[in-house]
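Trainee: Here's a structure for you.
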Amino acid sequence: MRRLYLLPLTLFALVLVVWTAGVDAVQEPHPSIEVHRITDTLYMLGSGMETGGNIAVLIAESGVVLVDTKLEGYGPDILDHLRRLTDKPVTMIINTHVHYDHSGANTEFPDTVQFVAHENIRRHWARTDCQPIPTNCDDFQGENRKYLPKTTFSDRLSLFAGTPDQIDLYYFGRGHTDGDTFVVFKEARAMHVGDMFLGKTLPFIDAENGNGGSAIEFGRTLTKVIDSVPNVDTIINGHWNTLLTWDDLVDYRGFYTDLYTQTRRSLDAGLSAEEAIAAYEKPARYSEYSANKGGAGFTVDAIVNYIYRGI
Ligand SMILES: [Zn+2]
């Protein structure tokens, strides 16, 4: 359980280190990837915050599909693990959102790979005026513009439709960013949710970097997922190093929505943001979740302040 409380701090430390050290931040030896089997053809390449976001690997008939690519520098490690699972080459990479810790190794694969992403992700990566962290558009400048996704979508996209490899992509609106993609592996009844479900801690809302995160929409977006996506049992989330369940996702929506509702009530009662933060009480049923007060990032303060600012 202690890990739950260290999670936000670990990411902050990581961001700080990477920010400070620039693009050479991932050096040998770096933390290693752990492989989690879901089915004979679907795996999660995990290990929490230290290696970047969790990857879903689908060994499809036509080649290997990756969902996310961890931090810059992890391309060789990813290939190393894939070689133990299959001889097939990587033919498709889907990204859940714009962040550097989910797309850092995209450009370490051949540019013949089919890159698939939500249209807002592509738009952010195509910017020429961004910082590499957290948007990662630095990776797509100059000659590397060839790595910008050529397959994009707005609301829904089915890949390999009608085959055992069918993958359904869904976009339901703003949350962690404005491109959060839910990737459903139909036959395995599994879904990669990116950073829309951070495990047992409050989410990070990326609202300060032009990436469109919204504390107001976050809970509504999760509700749309829960109401619209059928037949999912297993959840692969952005950074939690075990597989989670649909019920865990529903519970997380409840945890977040309760904070939103309490904040709304304080706002309607004329309380200040500071008073709303002080007034928030985590319900006993969410005792396993961390909802820390004080500071920015993954805190009650951050969420409440965004809601008060209409973000
Ligand atoms: Zn993220």
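Ordered as shown in the structure tokens, chains take letters A, B, and onward, while each chain numbers its residues from 1 and ligands are numbered from 1 in the order shown.
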Given a cut-off of 8 Å, what residues near ligand 1 show up using only C-alpha atoms and all ligand atoms, put as a ChimeraX atom specification?

Mentor: /A:53,97-102,134,176-177,194-195,204,206,238

Trainee: Write the residues of the selection above to a file with C-alpha atoms, as a PDB file, in the first residue's frame.

Mentor:
ATOM      1  CA  GLY A  53       3.702   4.455 -19.229  1.00  0.00           C
ATOM      2  CA  HIS A  97      -2.079  10.658 -25.412  1.00  0.00           C
ATOM      3  CA  VAL A  98       0.595  13.286 -26.114  1.00  0.00           C
ATOM      4  CA  HIS A  99       2.894  12.834 -23.144  1.00  0.00           C
ATOM      5  CA  TYR A 100       6.621  12.147 -23.412  1.00  0.00           C
ATOM      6  CA  ASP A 101       6.448   9.165 -21.053  1.00  0.00           C
ATOM      7  CA  HIS A 102       3.959   7.364 -23.345  1.00  0.00           C
ATOM      8  CA  PRO A 134       5.211  16.896 -21.214  1.00  0.00           C
ATOM      9  CA  HIS A 176      -6.123  14.182 -18.493  1.00  0.00           C
ATOM     10  CA  THR A 177      -5.588  15.895 -21.905  1.00  0.00           C
ATOM     11  CA  GLY A 194      -3.740   5.677 -20.609  1.00  0.00           C
ATOM     12  CA  ASP A 195      -3.593   8.208 -17.788  1.00  0.00           C
ATOM     13  CA  PHE A 204      -2.955  14.821 -13.151  1.00  0.00           C
ATOM     14  CA  ASP A 206      -2.614  18.702 -17.993  1.00  0.00           C
ATOM     15  CA  GLY A 238      -1.010   4.258 -17.585  1.00  0.00           C
TER      16      GLY A 238
END

Trainee: Please return, as a compact mmCIF listing (two decimals) with N, CA and C atoms, in the first residue's frame, all residues of stretch 206-240 of chain A that DSSP assigns to helix (DSSP H, G or I) on the basis of the backbone.

Mentor:
# COMPACT_ATOMS: atom_id res chain seq x y z
N ALA A 215 -10.45 19.39 -15.47
CA ALA A 215 -10.91 18.78 -14.21
C ALA A 215 -12.43 18.67 -14.19
N ILE A 216 -13.09 19.58 -14.89
CA ILE A 216 -14.56 19.54 -14.93
C ILE A 216 -15.04 18.37 -15.78
N GLU A 217 -14.37 18.14 -16.90
CA GLU A 217 -14.81 17.09 -17.83
C GLU A 217 -14.31 15.70 -17.44
N PHE A 218 -13.25 15.62 -16.63
CA PHE A 218 -12.60 14.33 -16.36
C PHE A 218 -13.60 13.24 -15.94
N GLY A 219 -14.41 13.55 -14.93
CA GLY A 219 -15.38 12.56 -14.42
C GLY A 219 -16.45 12.23 -15.45
N ARG A 220 -16.88 13.28 -16.21
CA ARG A 220 -17.92 13.04 -17.23
C ARG A 220 -17.39 12.12 -18.32
N THR A 221 -16.13 12.32 -18.67
CA THR A 221 -15.52 11.47 -19.71
C THR A 221 -15.46 10.02 -19.24
N LEU A 222 -15.05 9.82 -17.98
CA LEU A 222 -15.02 8.45 -17.45
C LEU A 222 -16.41 7.83 -17.43
N THR A 223 -17.41 8.66 -17.12
CA THR A 223 -18.79 8.15 -17.11
C THR A 223 -19.22 7.72 -18.50
N LYS A 224 -18.82 8.49 -19.52
CA LYS A 224 -19.15 8.10 -20.90
C LYS A 224 -18.50 6.76 -21.25
N VAL A 225 -17.27 6.57 -20.81
CA VAL A 225 -16.59 5.29 -21.05
C VAL A 225 -17.38 4.16 -20.42
N ILE A 226 -17.72 4.36 -19.15
CA ILE A 226 -18.40 3.30 -18.40
C ILE A 226 -19.78 3.00 -19.00
N ASP A 227 -20.45 4.04 -19.48
CA ASP A 227 -21.78 3.85 -20.06
C ASP A 227 -21.75 3.31 -21.49
N SER A 228 -20.64 3.49 -22.20
CA SER A 228 -20.63 3.19 -23.64
C SER A 228 -19.80 2.00 -24.08

Trainee: Taking the DSSP assignment computed from this structure's backbone, write out as a list in words all residues of stretch 71-161 of chain A that belong to strand (DSSP E).

Mentor: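 Checking each residue of stretch 71-161 of chain A, the strand (DSSP E) ones are Val90, Thr91, Met92, Ile93, Ile94, Gln114, Phe115, Val116, Ala117, His118, Thr151, Thr152, Phe153, Arg156, Leu157, Ser158 and Leu159 of chain A.
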
Trainee: Hey, can you spit out that residue selection with C-alpha atoms as a tab-separated table (two decimals), in the first residue's frame?

Mentor:
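Done, and the output landed in out.tsv:
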chain	number	residue	atom	x	y	z
A	90	VAL	CA	6.24	-4.08	-34.98
A	91	THR	CA	3.81	-2.90	-37.64
A	92	MET	CA	1.53	-0.49	-35.75
A	93	ILE	CA	1.92	1.95	-32.83
A	94	ILE	CA	-1.11	3.56	-31.20
A	114	GLN	CA	1.71	2.64	-39.07
A	115	PHE	CA	1.29	5.32	-36.39
A	116	VAL	CA	-2.27	5.83	-35.13
A	117	ALA	CA	-3.48	8.59	-32.81
A	118	HIS	CA	-6.36	10.92	-32.03
A	151	THR	CA	-3.90	7.47	-39.31
A	152	THR	CA	-6.01	9.73	-37.09
A	153	PHE	CA	-9.58	9.69	-35.82
A	156	ARG	CA	-14.21	6.09	-33.04
A	157	LEU	CA	-11.95	3.91	-35.10
A	158	SER	CA	-12.00	0.14	-35.55
A	159	LEU	CA	-8.80	-1.55	-36.68

Trainee: Please, which residues in stretch 67-96 of chain A fall within 12 Å of stretch 229-236 of chain A when counting only C-alpha atoms, and what is the closest atom pair and distance in Å to one decimal for each, ordered by chain then residue number, as CSV?

Mentor:
residue,atom,partner,partner_atom,distance
A:Val67,CA,A:Ile236,CA,10.3
A:Asp68,CA,A:Ile236,CA,11.5
A:Thr96,CA,A:Ile236,CA,11.4

Trainee: Using N, CA and C atoms, can you write the selected residues to a file as a tab-separated table (two decimals), in the first residue's frame?

Mentor:
chain	number	residue	atom	x	y	z
A	67	VAL	N	0.66	-0.28	-27.95
A	67	VAL	CA	-0.06	0.90	-27.47
A	67	VAL	C	0.87	1.59	-26.49
A	68	ASP	N	1.43	2.72	-26.92
A	68	ASP	CA	2.42	3.54	-26.19
A	68	ASP	C	3.82	2.92	-26.25
A	96	THR	N	-1.88	6.60	-26.54
A	96	THR	CA	-3.07	6.97	-25.75
A	96	THR	C	-3.19	8.48	-25.55

Trainee: Name all residues at most 10 Å from A:Thr41 (count only C-alpha atoms; drop same-chain ones fewer than 6 positions away) and give them as a list in words.

Mentor: Val57, Leu58, Ile59, Ala60, Glu61, Val64, Leu85, Thr86, Asp165 and Ala188 of chain A

Trainee: Can you pull out the residues contacting A:Glu208? Cut-off 12 Å, using only C-alpha atoms, and skip same-chain residues under 5 positions away; I want them as a PyMOL selection string.

Mentor: chain A and resi 130-131+133-135+176-177+213-215+296-297+302+306+311

Trainee: Which is closer to A:Glu119 than all the others in A:Arg253, A:Lys150, A:Arg145, A:Lys293, using only C-alpha atoms?

Mentor: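 Comparing A:Arg253, A:Lys150, A:Arg145, A:Lys293 against A:Glu119, the winner is A:Lys150.
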
Trainee: Given the choices A:Asn237, A:Lys88, A:Arg264, A:Asp248, which gets closest to A:Val183 if the distance is worked out from only C-alpha atoms?

Mentor: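 Among the listed residues, the smallest separation from A:Val183 belongs to A:Asn237.
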
Trainee: Nearest residue to A:Ser103 out of A:Leu71, A:Asn120, A:Tyr171, A:Pro132, using only C-alpha atoms?

Mentor: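 Among the listed residues, the smallest separation from A:Ser103 belongs to A:Leu71.
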
Trainee: Compile the contact shell of A:Trp240 as a PyMOL selection string: residues with an atom at most 8 Å away, counting only C-alpha atoms, same-chain residues fewer than 6 positions apart removed.

Mentor: chain A and resi 46-49+54+198-199

Trainee: Output the selection as an mmCIF file, in the first residue's frame - N, CA and C atoms for each residue.

Mentor:
data_model
loop_
_atom_site.group_PDB
_atom_site.id
_atom_site.type_symbol
_atom_site.label_atom_id
_atom_site.label_comp_id
_atom_site.auth_asym_id
_atom_site.auth_seq_id
_atom_site.Cartn_x
_atom_site.Cartn_y
_atom_site.Cartn_z
ATOM 1 N N GLY A 46 5.116 -3.450 -18.271
ATOM 2 C CA GLY A 46 4.892 -2.498 -17.194
ATOM 3 C C GLY A 46 6.151 -2.060 -16.489
ATOM 4 N N SER A 47 5.970 -1.785 -15.225
ATOM 5 C CA SER A 47 6.882 -1.406 -14.159
ATOM 6 C C SER A 47 6.655 0.007 -13.676
ATOM 7 N N GLY A 48 5.431 0.461 -13.805
ATOM 8 C CA GLY A 48 5.042 1.684 -13.108
ATOM 9 C C GLY A 48 5.625 2.937 -13.701
ATOM 10 N N MET A 49 6.001 3.881 -12.844
ATOM 11 C CA MET A 49 6.440 5.197 -13.298
ATOM 12 C C MET A 49 7.840 5.177 -13.901
ATOM 13 N N ASN A 54 2.733 2.252 -19.146
ATOM 14 C CA ASN A 54 2.594 0.843 -19.514
ATOM 15 C C ASN A 54 2.263 0.699 -21.001
ATOM 16 N N LEU A 198 -5.322 6.577 -12.918
ATOM 17 C CA LEU A 198 -3.924 6.530 -12.495
ATOM 18 C C LEU A 198 -3.676 5.502 -11.391
ATOM 19 N N GLY A 199 -4.612 4.614 -11.189
ATOM 20 C CA GLY A 199 -4.454 3.683 -10.077
ATOM 21 C C GLY A 199 -5.272 4.183 -8.912
#

Trainee: Quick check, in Å to one decimal: how far apart do atom CA of A:Phe197 and atom CA of A:Ser266 lie?

Mentor: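 About the pair atom CA of A:Phe197 and atom CA of A:Ser266: they are 25.0 Å apart.
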
Trainee: As an exercise, work out the distance from atom CA of A:Thr39 to atom CA of A:Pro164 in Å and give it to one decimal place.

Mentor: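 Computing the Euclidean distance for atom CA of A:Thr39 and atom CA of A:Pro164 yields 12.4 Å.
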